[in-house]
Amino acid sequence: MTIEKFMSAAVKSAVKQLYGMDAADEQIQIQLTNKEFAGDYTLVVFPLLKISRKSPEATANEIGERLKSLHAEIKSYNAIKGFLNIKFTAEFWVQRLNAAVKNENFGLSHGKGKKLMIEYSSPNTNKPLHLGHIRNNLLGYAVANILEADGNDVVKVNLVNDRGVHICKSMLAWQKFGNGETPESSGKKGDHLVGEYYVRYDKEYKKQLAEIIATGIDENEAKSKVQIQLEVQEMLRKWEAQNPEIIALWKKMNSWVYDGFNKTYNDLGVSFDKIYYESQTYLLGKSLVYEGLKKGVFFRKDDGSVWVDLTTDGLDQKLLLRSDDTSVYITQDLGTAQQRVAEYNIDQMIYVVGNEQNYHFQVLKLILKKLGFDWANSIHHLSYGMVELPEGKMKSREGTVVDADDLIEEMISTAQKMSKQLGKLDKLNAEEENRVCRMVGLGALKYFILKVDPQKTMLFDPKESIDFNGNTGPFIQYTHARIKSVLHKANELQAQIPQTSACADINEKEISLIKLIDIFPETLASAAKEFSPSTIANYAYDIAKEYNQYYHEYQILREENEEIKLFRLMLSQKVADMIKKSMKLLGIDVPDRM
RNA sequence: GGUCCGGUAGCUCAGCUGGAUAGAGCAUCAGAUUUCUAAUCUGACGGUCAUAGGUUCGAAUCCUAUCCGGAUCACCA
């Protein structure tokens with residue numbers, strides 16, 4: 001039971017005894033006591049004044065007195081204005097810690113039985129992943145972990161956009177200019193290789209367009225005459241007609257890209273339970289549109305295209321089927337949503353997609369509701385903001401993309417450089433050194449991105465992210481490694497770290513560490529509710545920082561009182577456990593030594 | 001123009017189911033080391049929580065309006 005719940009019940013019965021009335025849940029406000037006041041938890045008594053009909057101070061004092069006499073766990077209380085600060089006994093805190101230590105799965109919930117599906121990553125197969133994808137992947141994976149730890153059954157899916165005119169562009173350019181180049185023959189990573197031809201196409205297109213314009217033809221007219229574009233359109237038609245040669249090329253080049261993506265996913269430590277391919281789902285949803293047409297939810301325009309009118313909902317009209325009866329993006333999303341709900345019987349569907357698609361998901365939910373699906377409300381768009389660079393925005397069309405693989409590489413090598421400089425790698429062998437540098441470099445990147453509220457546009461400064469001080473992944477990793485080192489040394493000295501302790505002589509720093517451990521379950525629950533890895537990230541930092549201060553102040557191994565020493569070791573071990581658990585939720589590994 | 005999102009210290013960000021004197025880190029300055037791992041710790045400096053109203057015992061937090069920034073409003077995905 002959480003302390004808040006315990007206090008809430010205690011206050012209720014105290015109020016009942018004192019004033020003969022029941023207090024409603026929303027009248028009981030309990031929070032952690034601010035640092036500048038003496039106490040552990042605080043009851044805000046303002047809402048109870050209506051019941052007590054006394055001044056804030058008098059009410060607080062009366063309730064405090066009553067609580068103290070009823071509960072041995074309460075050591076003291078003080079009332080300041082309308083705030084009743086409660087202080088618990090040392091025994092109480094030790095007991096809380098012991099309960100947490102004994103419970104292997106402390107903080108993790110089991111079997112609320114909600115079935116969730118989360119879709120993230122969703123790459124295009126015509127170019128490599130970039131910084132924006134990194135935020136997407138890290139968010140999706142972390143949120144999936146958090147939801148799972150909160151007791152849900154989570155299915156992670158990836159919907160790969162493997163078809164369309166953009167893919168044909170890479171294919172055509174490769175055909176025309178590639179000379180049969182392959183990842184094997186060139187030594188290039190598959191997705192990068194294909195991405196190069198996508199760029200090559202664009203270059204050729206611009207060249208041809210300029211040539212036509214130079215002959216004096218109007219720009220708009222010229223655009224429809226570019227030879228290479230006509231060829232691409234022809235290729236797309238062939239693809240849709242299942243032309244064997246084109247299909248074979250498509251399969252070959254896509255497989256290169258998948259090899260490349262898998263390496264990047266592997267580096268980032270993300271994974272999926274199921275991968276969907278758009279080439280297999282893009283025809284879905286048409287039947288839903290026909291159904292809606294029959295119900296009169298949609299309408300057909302003179303040219304044959306099908307639309308939905310959302311003007312009464314404050315939005316515009318939205319196209320659902322083209323005049324040639326082919327489906328568009330939203331048509332297929334309607335279809336895949338329905339298919340997934342039917343196939344997996346999911347309670348909630350989460351889409352990790354950039355905030356430039358907020359409108360799309362708003363429309364998607366509306367349409368599904370209009371079609372009469374109750375589950376439309378269970379769709380959640382986990383929207384995230386763009387990642388900007390100090391020099392400007394990073395959008396592919398502006399040509400300043402930061403390639404995911406390059407960035408990962410840079411993070412690892414910077415981690416290595418800095419670690420070497422600090423002499424942190426001296427005691428490690430080559431394999432360990434490699435492992436630690438990877439962990440630190442990637443930890444820096446992941447933590448930097450995940451600590452920010454997803455909704456917000458964030459600034460990614462490579463220099464700052466690789467700073468090993470302050471609120472960073474490496475700082476937290478370091479704290480963990482240092483605790484582990486102390487524990488290791490203790491074991492060498494043959495101190496046995498106890499599973500429980502009767503130590504009653506604890507200090508304020510220790511109480512605040514226990515408090516932090518104690519709120520882990522609530523923190524996790526709230527992070528799950530908000531789909532917010534940043535909550536967990538900041539928790540990990542808080543506890544690491546608190547521990548560092550503690551560590552600095554008390555010499556654990558030199559402590560002469562054996563009982564206190566063992567207690568401190570036990571506490572340290574639990575703190576390390578909390579750090580590791582939190583970081584694991586974020587998909588960040590922590591080293592035992594560095 | 002419509003819709004959505006954001007605006008908190010010089011910079012990067014927490015805090016937002018309304019609670020006490022708004023918090024961290026970076027940067028700057030001043031300190032701490034016979035290390036249990038200094039990738040650390042202590043202190044100082046730094047704020048009209050975009051602006052103006054409103055709601056109430058109390059507002060960074062809720063409501064309204066305005067300003068600034070971003071996204072979006074394709075027979076693209």
# chains A, B, ... in the order shown; residues from 1 in each chain; ligands from 1
>>> interface_residues(of="chain B", to="chain A", cutoff="8 Å", atoms="only C-alpha atoms (C1' of nucleotides)", output="VMD selection string")
chain B and resid 2 to 6 12 to 14 19 to 20 24 to 26 36 to 37 39 to 41 57 71 to 73 75 77
>>> write_last_selection(atoms="C-alpha atoms (C1' of nucleotides)", output="PDB file, in the first residue's frame")
ATOM      1  C1'   G B   2      -9.271  27.550 -39.695  1.00  0.00           C
ATOM      2  C1'   U B   3      -7.412  23.710 -36.397  1.00  0.00           C
ATOM      3  C1'   C B   4      -3.673  21.628 -33.121  1.00  0.00           C
ATOM      4  C1'   C B   5       0.836  22.162 -30.127  1.00  0.00           C
ATOM      5  C1'   G B   6       4.425  24.979 -27.626  1.00  0.00           C
ATOM      6  C1'   U B  12      18.895  22.984 -22.346  1.00  0.00           C
ATOM      7  C1'   C B  13      14.896  21.245 -19.631  1.00  0.00           C
ATOM      8  C1'   A B  14      11.702  19.631 -14.979  1.00  0.00           C
ATOM      9  C1'   G B  19      -1.163  24.515  -2.543  1.00  0.00           C
ATOM     10  C1'   A B  20       3.885  26.826   1.322  1.00  0.00           C
ATOM     11  C1'   A B  24      17.674  20.933 -11.850  1.00  0.00           C
ATOM     12  C1'   G B  25      21.763  20.790 -15.253  1.00  0.00           C
ATOM     13  C1'   C B  26      24.979  23.730 -18.458  1.00  0.00           C
ATOM     14  C1'   C B  36      34.707   3.598  -0.977  1.00  0.00           C
ATOM     15  C1'   U B  37      35.583   5.400  -8.685  1.00  0.00           C
ATOM     16  C1'   A B  39      32.536  11.395 -15.130  1.00  0.00           C
ATOM     17  C1'   U B  40      31.789  13.770  -7.957  1.00  0.00           C
ATOM     18  C1'   C B  41      30.257  17.239  -4.141  1.00  0.00           C
ATOM     19  C1'   C B  57      -8.699  31.070   0.726  1.00  0.00           C
ATOM     20  C1'   A B  71       2.967  21.990 -37.302  1.00  0.00           C
ATOM     21  C1'   U B  72      -1.112  21.162 -40.387  1.00  0.00           C
ATOM     22  C1'   C B  73      -5.320  22.222 -43.655  1.00  0.00           C
ATOM     23  C1'   C B  75      -6.625  12.755 -55.832  1.00  0.00           C
ATOM     24  C1'   A B  77       2.700   9.058 -47.214  1.00  0.00           C
TER      25        A B  77
END
>>> select_by_dssp(residues="segment 220-301 of chain A", states="strand (DSSP E)", output="mmCIF file with N, CA, C and O atoms, in the first residue's frame")
data_model
loop_
_atom_site.group_PDB
_atom_site.id
_atom_site.type_symbol
_atom_site.label_atom_id
_atom_site.label_comp_id
_atom_site.auth_asym_id
_atom_site.auth_seq_id
_atom_site.Cartn_x
_atom_site.Cartn_y
_atom_site.Cartn_z
ATOM 1 N N LYS A 274 6.032 -7.676 -34.297
ATOM 2 C CA LYS A 274 5.462 -7.976 -35.604
ATOM 3 C C LYS A 274 5.743 -6.830 -36.571
ATOM 4 O O LYS A 274 5.680 -5.664 -36.192
ATOM 5 N N ILE A 275 6.074 -7.189 -37.801
ATOM 6 C CA ILE A 275 6.324 -6.166 -38.808
ATOM 7 C C ILE A 275 5.270 -6.269 -39.905
ATOM 8 O O ILE A 275 5.046 -7.348 -40.464
ATOM 9 N N TYR A 276 4.617 -5.171 -40.138
ATOM 10 C CA TYR A 276 3.646 -5.115 -41.238
ATOM 11 C C TYR A 276 4.296 -4.406 -42.417
ATOM 12 O O TYR A 276 5.121 -3.524 -42.239
ATOM 13 N N TYR A 277 3.892 -4.808 -43.611
ATOM 14 C CA TYR A 277 4.400 -4.146 -44.795
ATOM 15 C C TYR A 277 3.250 -3.476 -45.520
ATOM 16 O O TYR A 277 2.207 -4.087 -45.736
ATOM 17 N N PHE A 299 -19.744 10.718 -49.006
ATOM 18 C CA PHE A 299 -20.451 11.059 -50.240
ATOM 19 C C PHE A 299 -19.499 11.039 -51.428
ATOM 20 O O PHE A 299 -18.286 11.120 -51.270
ATOM 21 N N ARG A 300 -20.085 10.913 -52.621
ATOM 22 C CA ARG A 300 -19.288 10.820 -53.829
ATOM 23 C C ARG A 300 -19.427 12.109 -54.627
ATOM 24 O O ARG A 300 -20.532 12.625 -54.779
#
>>> residues_around(residues="Val101 of chain A", least_positions_apart="4", cutoff="12 Å", atoms="only C-alpha atoms (C1' of nucleotides)", output="mmCIF file with N, CA, C and O atoms, in the first residue's frame")
data_model
loop_
_atom_site.group_PDB
_atom_site.id
_atom_site.type_symbol
_atom_site.label_atom_id
_atom_site.label_comp_id
_atom_site.auth_asym_id
_atom_site.auth_seq_id
_atom_site.Cartn_x
_atom_site.Cartn_y
_atom_site.Cartn_z
ATOM 1 N N VAL A 94 12.436 2.187 7.729
ATOM 2 C CA VAL A 94 13.218 0.961 7.567
ATOM 3 C C VAL A 94 12.315 -0.176 7.112
ATOM 4 O O VAL A 94 12.665 -0.963 6.241
ATOM 5 N N GLN A 95 11.151 -0.182 7.678
ATOM 6 C CA GLN A 95 10.174 -1.207 7.308
ATOM 7 C C GLN A 95 9.783 -1.086 5.828
ATOM 8 O O GLN A 95 9.689 -2.075 5.119
ATOM 9 N N ARG A 96 9.574 0.155 5.393
ATOM 10 C CA ARG A 96 9.235 0.381 3.977
ATOM 11 C C ARG A 96 10.371 -0.121 3.084
ATOM 12 O O ARG A 96 10.137 -0.739 2.056
ATOM 13 N N LEU A 97 11.590 0.200 3.484
ATOM 14 C CA LEU A 97 12.741 -0.234 2.685
ATOM 15 C C LEU A 97 12.822 -1.756 2.644
ATOM 16 O O LEU A 97 13.020 -2.344 1.582
ATOM 17 N N ASN A 105 10.089 -8.033 -7.542
ATOM 18 C CA ASN A 105 9.395 -7.306 -8.604
ATOM 19 C C ASN A 105 8.862 -5.970 -8.112
ATOM 20 O O ASN A 105 7.846 -5.490 -8.605
ATOM 21 N N PHE A 106 9.588 -5.396 -7.160
ATOM 22 C CA PHE A 106 9.125 -4.145 -6.579
ATOM 23 C C PHE A 106 8.813 -3.114 -7.660
ATOM 24 O O PHE A 106 9.648 -2.818 -8.504
ATOM 25 N N GLY A 107 7.607 -2.592 -7.616
ATOM 26 C CA GLY A 107 7.226 -1.531 -8.545
ATOM 27 C C GLY A 107 6.547 -2.028 -9.798
ATOM 28 O O GLY A 107 5.823 -1.303 -10.443
ATOM 29 N N ILE A 497 25.759 -8.592 2.708
ATOM 30 C CA ILE A 497 24.732 -7.573 2.580
ATOM 31 C C ILE A 497 23.385 -8.191 2.930
ATOM 32 O O ILE A 497 22.954 -9.148 2.320
ATOM 33 N N PRO A 498 22.763 -7.629 3.959
ATOM 34 C CA PRO A 498 21.544 -8.264 4.460
ATOM 35 C C PRO A 498 20.341 -8.042 3.558
ATOM 36 O O PRO A 498 20.318 -7.101 2.772
ATOM 37 N N GLN A 499 19.417 -8.909 3.670
ATOM 38 C CA GLN A 499 18.169 -8.745 2.928
ATOM 39 C C GLN A 499 17.171 -7.895 3.702
ATOM 40 O O GLN A 499 16.296 -7.286 3.141
ATOM 41 N N THR A 500 17.324 -7.901 5.004
ATOM 42 C CA THR A 500 16.499 -7.010 5.815
ATOM 43 C C THR A 500 17.371 -6.467 6.927
ATOM 44 O O THR A 500 18.432 -6.999 7.201
ATOM 45 N N SER A 501 16.921 -5.396 7.514
ATOM 46 C CA SER A 501 17.729 -4.802 8.567
ATOM 47 C C SER A 501 16.851 -4.228 9.662
ATOM 48 O O SER A 501 15.780 -3.698 9.393
ATOM 49 N N ILE A 514 15.119 6.527 0.829
ATOM 50 C CA ILE A 514 14.045 5.536 0.982
ATOM 51 C C ILE A 514 12.745 6.077 0.401
ATOM 52 O O ILE A 514 11.991 5.362 -0.259
ATOM 53 N N ILE A 517 12.883 5.606 -3.265
ATOM 54 C CA ILE A 517 12.641 4.203 -3.607
ATOM 55 C C ILE A 517 11.151 3.914 -3.476
ATOM 56 O O ILE A 517 10.545 3.279 -4.333
ATOM 57 N N ASP A 518 10.596 4.439 -2.411
ATOM 58 C CA ASP A 518 9.200 4.166 -2.097
ATOM 59 C C ASP A 518 8.232 4.652 -3.174
ATOM 60 O O ASP A 518 7.181 4.052 -3.394
ATOM 61 N N PHE A 567 23.356 -1.826 6.873
ATOM 62 C CA PHE A 567 22.147 -1.133 6.436
ATOM 63 C C PHE A 567 22.440 -0.259 5.226
ATOM 64 O O PHE A 567 21.702 -0.237 4.247
ATOM 65 N N LEU A 569 24.791 -0.581 3.065
ATOM 66 C CA LEU A 569 25.062 -1.417 1.893
ATOM 67 C C LEU A 569 23.747 -1.892 1.282
ATOM 68 O O LEU A 569 23.570 -1.897 0.069
ATOM 69 N N MET A 570 22.832 -2.266 2.156
ATOM 70 C CA MET A 570 21.543 -2.731 1.667
ATOM 71 C C MET A 570 20.816 -1.610 0.938
ATOM 72 O O MET A 570 20.252 -1.803 -0.144
ATOM 73 N N LEU A 571 20.864 -0.446 1.529
ATOM 74 C CA LEU A 571 20.225 0.709 0.904
ATOM 75 C C LEU A 571 20.858 0.999 -0.461
ATOM 76 O O LEU A 571 20.167 1.223 -1.454
ATOM 77 N N SER A 572 22.188 0.972 -0.481
ATOM 78 C CA SER A 572 22.905 1.232 -1.728
ATOM 79 C C SER A 572 22.495 0.236 -2.806
ATOM 80 O O SER A 572 22.284 0.592 -3.968
ATOM 81 N N GLN A 573 22.398 -0.994 -2.397
ATOM 82 C CA GLN A 573 22.044 -2.034 -3.348
ATOM 83 C C GLN A 573 20.651 -1.777 -3.940
ATOM 84 O O GLN A 573 20.434 -1.928 -5.132
ATOM 85 N N LYS A 574 19.754 -1.353 -3.080
ATOM 86 C CA LYS A 574 18.392 -1.095 -3.570
ATOM 87 C C LYS A 574 18.378 0.121 -4.491
ATOM 88 O O LYS A 574 17.655 0.136 -5.490
ATOM 89 N N VAL A 575 19.187 1.106 -4.164
ATOM 90 C CA VAL A 575 19.262 2.287 -5.028
ATOM 91 C C VAL A 575 19.783 1.874 -6.413
ATOM 92 O O VAL A 575 19.243 2.269 -7.446
ATOM 93 N N ALA A 576 20.830 1.055 -6.415
ATOM 94 C CA ALA A 576 21.373 0.574 -7.684
ATOM 95 C C ALA A 576 20.296 -0.170 -8.469
ATOM 96 O O ALA A 576 20.167 -0.013 -9.688
ATOM 97 N N ASP A 577 19.537 -0.937 -7.751
ATOM 98 C CA ASP A 577 18.455 -1.696 -8.375
ATOM 99 C C ASP A 577 17.417 -0.758 -9.007
ATOM 100 O O ASP A 577 16.960 -0.977 -10.127
ATOM 101 N N MET A 578 17.089 0.296 -8.289
ATOM 102 C CA MET A 578 16.109 1.260 -8.808
ATOM 103 C C MET A 578 16.636 1.963 -10.055
ATOM 104 O O MET A 578 15.909 2.194 -11.021
#
>>> select_by_dssp(residues="segment 262-429 of chain A", states="alpha helix (DSSP H)", output="VMD selection string")
chain A and resid 262 to 268 278 to 281 286 to 295 329 to 344 358 to 370 404 to 421
>>> atom_distance(atom1="atom CA of Ala100 of chain A", atom2="atom CA of Leu147 of chain A")
20.8 Å
>>> atom_distance(atom1="atom CA of Ile118 of chain A", atom2="atom CA of Lys369 of chain A")
20.3 Å
